[in-house]
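Notes for the one structure printed next.
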Amino acid sequence: MTAFPPAARARRAALLGVVCVGLTAALTACGEEPKPDPDKGTNGVGRLPAPAIEAKARNAARDAESVRLSGTVVSKGRSYKLDMRLKEDGGTGSVTSKGSTFELLRIDDELFMKAGADFWDHGTGQPSASDETAAGKLEDKYVKVPDDDPAYDQLRGFTDKDVLLDGLLGLHGKLTKGEREVVGGVRTIEVTGGKGVGGSLAVSLMGTPYPLKLERAGGAGVVTLADWDKEFPLEAPGKGEILDYGGQLPKTSDPS
């Protein structure tokens, strides 16, 4: 056996100690590699508490110039399928309810509705010949809705960005952060109310924190929100496309 002088043994022990410490540190670093930051490259709202995320989404929606809203809304036991483009001075799109579809167009305070003949005689049972004739005249025409018609305010509500969003975007119960998912190709974070039973809202993690998807409480519909701040034209129909029905829409239309 070769004997090492005390000084050599000390140097060898020190070298082995350095190697062991370095190897241990390397193994520890590999074992405790930090997890990727889910908010890296985002607008940072995912780091906020749930109430703050919802507040930012509401403010972003309120400040936006325009939006496209589509999906199904259940209100007072009645289901409405919406596909509306909305901005501050009006809106345009379609509403389907009870199997009938009508189009709405509002420019400032002027509100027009267009539908097929089947819509205008909807709910009349067996329409008379005069009913069918009247419905035929209304078919595919823009009927101007008088502002003193009882249906005016409700129909206008479908075309009013602030009214519609304020009525839809509420969550109920204690707010918590939920899953992260991709909605329309955009990374989002979910805010839920009442552990999910109070509805959920997917908020964009990219750019402005717009709300992109809403699941309403109690199964009252699912709505997607897209095309935020994208301009679109609102053009009044030509004179040949408009029918001024008079003081009130036909009762057979049942638009509410």
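We label chains A, B, ... in the order they appear in the structure tokens, count residues from 1 in each chain, and number ligands from 1 in the order shown.
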I'd like the neighbourhood of region 44-58 of chain A as a PyMOL selection string, where a residue qualifies if any of its atoms comes within 7 Å (using only C-alpha atoms), though same-chain residues fewer than 4 positions away should be ignored.
chain A and resi 39+62+175-177+189+191+203+205+209-211
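Considering the residues A:Gly71, A:Gly157, A:Gly77, A:Pro34 and counting only C-alpha atoms, Leu212 (chain A) has its shortest atom-to-atom contact with A:Gly71.
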Identify all residues of region 34-135 of chain A in helix (DSSP H, G or I) (DSSP on the backbone) and supply them as a ChimeraX atom specification.
/A:45-47,50-63,117-120,129-135
Give me, as a tab-separated table (two decimals) with C-alpha atoms, in the first residue's frame, all polymer residues having an atom no more than 9 Å from Asp83 (chain A), counting only C-alpha atoms and skipping those fewer than 3 positions away in the same chain.
```tsv
chain	number	residue	atom	x	y	z
A	68	ARG	CA	-69.52	40.83	-31.30
A	69	LEU	CA	-71.72	38.81	-28.96
A	70	SER	CA	-72.99	35.36	-29.90
A	71	GLY	CA	-74.53	32.45	-28.05
A	72	THR	CA	-77.62	31.55	-26.10
A	92	THR	CA	-77.00	44.89	-35.93
A	93	GLY	CA	-77.56	41.16	-35.97
A	94	SER	CA	-80.12	38.42	-35.43
A	95	VAL	CA	-82.20	37.00	-32.58
A	96	THR	CA	-83.87	33.59	-32.63
```
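Using only C-alpha atoms, the smallest distance between any of A:Tyr152, A:Tyr142, A:Ser204, A:His172 and Gly185 (chain A) comes from A:Ser204.
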Tell me, as a list in words, which residues lie within 9 Å of region 161-166 of chain A, counting only C-alpha atoms; anything in the same chain fewer than 4 positions away does not count.
Arg58, Ala61, Arg62, Ser66, Val67, Arg85, Leu86, Lys87, Glu88, Asp89, Gly90, Gly91, Gly157 and Gly170 of chain A
May I ask which of the residues A:Arg156, A:Lys114, A:Lys195, A:Lys81 is the closest one to Leu171 (chain A), counting only C-alpha atoms?
A:Lys195
Using only C-alpha atoms, can you tell me which of A:Thr208, A:Asn43, A:Thr159, A:Thr224 comes closest to Ala64 (chain A)?
A:Thr208
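CA of Ala117 (chain A) is found 6.7 Å from CA of Leu138 (chain A).
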Nearest to Val223 (chain A) among A:Met84, A:Val73, A:Asn59, A:Thr192, with distances taken over only C-alpha atoms: which residue is it?
A:Val73
Extract, using only C-alpha atoms, all DNA, RNA and protein residues at most 10 Å from Ser79 (chain A), discarding same-chain residues fewer than 3 positions from it, and format them as a JSON list (two decimals) with all heavy atoms, in the first residue's frame.
```
[["chain", "number", "residue", "atom", "x", "y", "z"],
["A", 72, "THR", "N", -76.26, 31.74, -26.56],
["A", 72, "THR", "CA", -77.62, 31.55, -26.10],
["A", 72, "THR", "C", -77.80, 32.16, -24.72],
["A", 72, "THR", "O", -76.97, 31.96, -23.83],
["A", 72, "THR", "CB", -77.98, 30.05, -26.05],
["A", 72, "THR", "OG1", -77.82, 29.49, -27.36],
["A", 72, "THR", "CG2", -79.41, 29.84, -25.60],
["A", 73, "VAL", "N", -78.88, 32.89, -24.55],
["A", 73, "VAL", "CA", -79.22, 33.51, -23.26],
["A", 73, "VAL", "C", -80.62, 33.06, -22.86],
["A", 73, "VAL", "O", -81.55, 33.12, -23.68],
["A", 73, "VAL", "CB", -79.18, 35.05, -23.37],
["A", 73, "VAL", "CG1", -79.67, 35.68, -22.07],
["A", 73, "VAL", "CG2", -77.77, 35.52, -23.70],
["A", 74, "VAL", "N", -80.76, 32.60, -21.63],
["A", 74, "VAL", "CA", -82.07, 32.22, -21.10],
["A", 74, "VAL", "C", -82.51, 33.29, -20.12],
["A", 74, "VAL", "O", -81.80, 33.61, -19.16],
["A", 74, "VAL", "CB", -82.02, 30.85, -20.41],
["A", 74, "VAL", "CG1", -83.39, 30.48, -19.86],
["A", 74, "VAL", "CG2", -81.52, 29.78, -21.37],
["A", 75, "SER", "N", -83.68, 33.86, -20.37],
["A", 75, "SER", "CA", -84.21, 34.91, -19.50],
["A", 75, "SER", "C", -85.70, 34.68, -19.27],
["A", 75, "SER", "O", -86.46, 34.51, -20.22],
["A", 75, "SER", "CB", -83.99, 36.28, -20.15],
["A", 75, "SER", "OG", -84.54, 37.32, -19.37],
["A", 76, "LYS", "N", -86.09, 34.64, -18.00],
["A", 76, "LYS", "CA", -87.49, 34.44, -17.61],
["A", 76, "LYS", "C", -88.08, 33.19, -18.28],
["A", 76, "LYS", "O", -89.21, 33.20, -18.75],
["A", 76, "LYS", "CB", -88.31, 35.67, -17.96],
["A", 76, "LYS", "CG", -87.88, 36.92, -17.20],
["A", 76, "LYS", "CD", -88.71, 38.13, -17.58],
["A", 76, "LYS", "CE", -88.25, 39.37, -16.82],
["A", 76, "LYS", "NZ", -89.01, 40.58, -17.21],
["A", 82, "LEU", "N", -78.51, 34.60, -29.85],
["A", 82, "LEU", "CA", -78.09, 35.91, -30.30],
["A", 82, "LEU", "C", -76.85, 35.84, -31.18],
["A", 82, "LEU", "O", -75.96, 35.03, -30.95],
["A", 82, "LEU", "CB", -77.77, 36.82, -29.11],
["A", 82, "LEU", "CG", -78.81, 36.94, -28.00],
["A", 82, "LEU", "CD1", -78.28, 37.87, -26.91],
["A", 82, "LEU", "CD2", -80.13, 37.45, -28.54],
["A", 96, "THR", "N", -82.97, 34.72, -32.37],
["A", 96, "THR", "CA", -83.87, 33.59, -32.63],
["A", 96, "THR", "C", -84.54, 33.18, -31.32],
["A", 96, "THR", "O", -83.87, 33.01, -30.30],
["A", 96, "THR", "CB", -83.10, 32.39, -33.21],
["A", 96, "THR", "OG1", -82.49, 32.77, -34.44],
["A", 96, "THR", "CG2", -84.04, 31.22, -33.47],
["A", 97, "SER", "N", -85.85, 33.06, -31.36],
["A", 97, "SER", "CA", -86.60, 32.63, -30.19],
["A", 97, "SER", "C", -87.84, 31.88, -30.64],
["A", 97, "SER", "O", -88.51, 32.28, -31.60],
["A", 97, "SER", "CB", -86.99, 33.85, -29.34],
["A", 97, "SER", "OG", -87.70, 33.45, -28.19],
["A", 98, "LYS", "N", -88.15, 30.78, -29.96],
["A", 98, "LYS", "CA", -89.30, 29.94, -30.28],
["A", 98, "LYS", "C", -89.31, 29.54, -31.75],
["A", 98, "LYS", "O", -90.36, 29.49, -32.40],
["A", 98, "LYS", "CB", -90.60, 30.67, -29.94],
["A", 98, "LYS", "CG", -90.83, 30.84, -28.44],
["A", 98, "LYS", "CD", -92.22, 31.42, -28.18],
["A", 98, "LYS", "CE", -92.50, 31.51, -26.69],
["A", 98, "LYS", "NZ", -93.86, 32.06, -26.41],
["A", 220, "ALA", "N", -78.03, 29.43, -17.46],
["A", 220, "ALA", "CA", -78.82, 30.41, -18.21],
["A", 220, "ALA", "C", -78.13, 30.89, -19.47],
["A", 220, "ALA", "O", -78.35, 32.01, -19.92],
["A", 220, "ALA", "CB", -79.15, 31.60, -17.32],
["A", 221, "GLY", "N", -77.31, 30.02, -20.06],
["A", 221, "GLY", "CA", -76.74, 30.32, -21.36],
["A", 221, "GLY", "C", -75.23, 30.46, -21.36],
["A", 221, "GLY", "O", -74.59, 30.64, -20.32]]
```
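Nearest residue to Lys174 (chain A) among A:Gly193, A:Asp118, A:Arg106, A:Arg216 is A:Gly193, counting only C-alpha atoms.
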